[in-house]
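Scroll down for the structure; my scribbles are underneath it.
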Amino acid sequence: MARIASIRIARPPGDPAGRGEEPSPAHRLVAALLEASPRVMVAAPDLCRADARGWGRRGGEAAFARAVHAAAAVRVGVGIADVRVAADAAAAVALREGGAGDVPLPPTSAGSTPPDAGSSRIVPPRTRIVPPGEARSFLAPLPLEVLGLPGPMEETLRTAGFRTVRDLAARERVELEARFGLEGIRAHRRALAEEEGLFRPPPPGEPPEASVELGDGVREVEPLLFVLGPLLDRLCGEVGGAGWHIRRLVLRLGLEEGGRREIAVRPARPTLRRDLLHELCRAGLERSAASGAGGEGRLPAPVTALSLRADERAVPEVRQEDLFASRSRDPAAASAAISRIRARLGEDAVVAPAPRPHHRPERRSRWRAIGGPGGGAAGAEGRGADGAAPPPDGASQDEPPPGILRLLPAPRPVEVRCEAGRPAAVHDGEGLHELAAAEGPERLSGDWWDDPYRREYYRVCTARGELLWIFREPRAGGAWRWWLHGWWD
Amino acid sequence: MPDPAVLHELERRLEEIDPSRARPPSAGPTVSTGIALLDGILPRGGLPRGEPVEWLGPRSCGKTALLRALVRRRRAEGEPVALVDAGRTLFAPDWVGPEGEEEVGEETLWVVRPPSGEEAAWCADLLLRSGGFGTVALLLGDEAPGGGRGRAGPGLRRSVAVRLQRLAEEAGAVFVVEGVSPLAALRLRFRPGRLEPLGGVPFGPFLPGVRPVWVRVGGGRRAEVPVLCPEPGEGRPRNRRVPAAARDRKGRR
């Protein structure tokens, strides 16, 4: 059963809703609420809601309320009930009535105590807990305003003689529909506490998640980062408490216009470092902002909800250091650097060679994205050139190294002068290079089913000693077009 | 206001004439380049840790071949190596593991391929700052991140070079800049050697064999290092036997 906590913030008389403050009092309360609940919603500048389930072994809902009061730096009223409207009303009542001190939790109509009541049944001041199943009876004597109906609808009902929630609940829904239309049905549902549960916890076995629903749509990155910190604290605490580290994090943005946007954050190695994860999320948000047309530091669409999910978790890596090494590299630091580069430049910015057999040279040169150093990747250092260094992979230092191909990311067009059908000079934008030798052609063709190509490669040596790799391919009309594809270095 | 690239070039030439003008390398540890001939001409027998090394030469001068030898050596010793490939011109098959197969799991080589040259210096900054890499090589490519293309090729701006030099020093890392790097403690100049007949056999640039690469460091020290020629029919040379005549030519300066 859903249990919703509403937290209403007491505001000075001149500014009842706390408008005009940035961030709003409710946004500032989010950090405190996330310590008590993984799911938090900013409903209004002076009203937050939180999922109040899961406190059965931690002192019950009274303990939850105490935790909220203790964490909140301002005076708040806390109401807990099955449905949102009852919880909001309870919070308003609690804040208005205050409390002379701790009072025992009232028994339910069935004589049972509320779930999660736990060991402590002492309810703190400015708190109203509506037992499960009693939301309707709690609402009945209260004035109509507690339903939070739209202004015109509330005025219409008042004019029609409705004063309390009971007045409305006693009527037939069909009658209200006939008189007030769809709004009448909605008002009747609220009066009968028929709303669906607001928070849906993930099913058992799902990854840990923390979420915040923001009141109005937010387009700037900075306010989101303000809320992101407490969310990360919450999530890291939960994941770390279970003995895991986070391998992959999904930052989900609920958009005002509907739909959502997901940003995956993958640190180079599993970590619980909040500062690193926060920085990676920031980089992800900034990339998202940069990719849209919202302007600098602004997201493409207003965001109304923010959630973090630890999608993949891993056992913390432990590395055995070498006692006698004069210096060793810290894989965690290297991983953090790799993570930052990937967060800013994209997942494919940090790669390892992964060649594959393919006739087309550019497809043979394949790179695969990788993470940071593993536990055993970093070795000991500090051995000088004349020290006792191990022989490198069996290769002798006397063996000549092979020439290395530098392949251009995209072939560059060049002008080639041919003599007797063979290249004699190359003009590549930096001048004309007479060729001392040319070897070829080496004909490559294929991929007719996908992206056909037909090339004739020549390996040429310029008079200055440059070893270039050029090719030509036929153009329409029987002419050839020449390209520089790379050089050996 | 004089052109910084011209000033740097003048500074470099003065160092060549009068080696005492060059910034004296610290007496810190050094590492082998993986090429005995090259180690032989380097001060203190290897590349210094914590000091920028300028690795400069025209196309096809063999600098990438010798850089790969250095990378293989560092990897073989279990040291994490990071390459920042600003030009995105590295050919993946040439950089696989020591035995030619792809490494899975325990990588020791990370290649950073920034989408633009402007990001390359920032990547090198992060990698050095982390202290997690024993060797970092910044390959500036055709574009010049944080600077301009001088007469000698792409280069780092002085302010960027100062920052990277400090970070390399703090990290105790081998820091190689393929391009012009002001404040470099060691400058290696590469140029292709003259192609010569090999053992009486006509020697061409693409025939199996070696081509010489001249490497020069400050103080007039230089060496001729043989580099294998590209093999016909392949984008990359692999598993080739070195002709005996080529081995005999090694060591000649």
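Labeling convention for the structure tokens: chains A, B, ... as they appear, residues from 1 per chain, ligands from 1 in order of appearance.
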
**Asked** Using the chain letters and numbers from this document, which residues of stretch 33-155 of chain B does DSSP assign to helix (DSSP H, G or I), as a PyMOL selection string?
**Response** chain B and resi 36-41+43-45+63-76+92-95+117-130

**Asked** So which residues touch A:Asp88 within 12 Å, counting only C-alpha atoms, skipping near sequence neighbours fewer than 4 positions away, as a VMD selection string?
**Response** chain A and resid 4 to 9 43 to 44 46 to 50 77 to 84 92 to 95 127 to 130 135 138 to 139 145 to 148 190 193

**Item:** Atom-to-atom span, atom CA of A:Val123 and atom CA of A:Phe64, Å
**Value:** 9.7 Å

**Item:** 8 Å contact set for B:Val81, only C-alpha atoms, chain neighbours under 4 positions out, as number ranges by chain
**Value:** B: 71, 74-75, 108-110, 133-136

**Asked** If we count only C-alpha atoms, what is near A:Arg475 at a cut-off of 12 Å, once residues fewer than 4 positions away on the same chain are taken out, given as a PyMOL selection string?
**Response** chain A and resi 453-455+479-482

Output for the residues just chosen: N, CA and C atoms as a PDB file, in the first residue's frame:
```
ATOM      1  N   TYR A 453      33.203  -0.347 -53.409  1.00  0.00           N
ATOM      2  CA  TYR A 453      34.366   0.485 -53.675  1.00  0.00           C
ATOM      3  C   TYR A 453      35.266  -0.255 -54.652  1.00  0.00           C
ATOM      4  N   ARG A 454      36.049   0.495 -55.398  1.00  0.00           N
ATOM      5  CA  ARG A 454      37.015  -0.077 -56.333  1.00  0.00           C
ATOM      6  C   ARG A 454      38.205   0.874 -56.363  1.00  0.00           C
ATOM      7  N   ARG A 455      39.286   0.414 -55.838  1.00  0.00           N
ATOM      8  CA  ARG A 455      40.438   1.299 -55.688  1.00  0.00           C
ATOM      9  C   ARG A 455      41.689   0.639 -56.243  1.00  0.00           C
ATOM     10  N   ALA A 479      37.202   9.027 -66.039  1.00  0.00           N
ATOM     11  CA  ALA A 479      38.351   9.688 -65.409  1.00  0.00           C
ATOM     12  C   ALA A 479      38.637   9.045 -64.048  1.00  0.00           C
ATOM     13  N   TRP A 480      39.820   9.339 -63.524  1.00  0.00           N
ATOM     14  CA  TRP A 480      40.209   8.806 -62.229  1.00  0.00           C
ATOM     15  C   TRP A 480      40.330   9.943 -61.232  1.00  0.00           C
ATOM     16  N   ARG A 481      40.028   9.606 -60.010  1.00  0.00           N
ATOM     17  CA  ARG A 481      40.220  10.583 -58.943  1.00  0.00           C
ATOM     18  C   ARG A 481      41.219  10.006 -57.948  1.00  0.00           C
ATOM     19  N   TRP A 482      42.181  10.861 -57.547  1.00  0.00           N
ATOM     20  CA  TRP A 482      43.259  10.388 -56.677  1.00  0.00           C
ATOM     21  C   TRP A 482      43.044  10.856 -55.247  1.00  0.00           C
TER      22      TRP A 482
END
```

**Message:** Can you pull out the residues contacting stretch 303-316 of chain A? Cut-off 9 Å, using only C-alpha atoms, and skip same-chain residues under 3 positions away; I want them as JSON, numbers by chain.
**Reply:** {"A": [39, 41, 206, 207, 208, 209, 210, 211, 212, 213, 214, 215, 216, 217, 218, 219, 220, 224, 227, 228, 231, 232, 235, 236, 239, 243, 244, 245, 246, 247, 248, 249, 250, 251, 252, 253, 254, 255, 256, 257, 260, 270, 271, 299]}
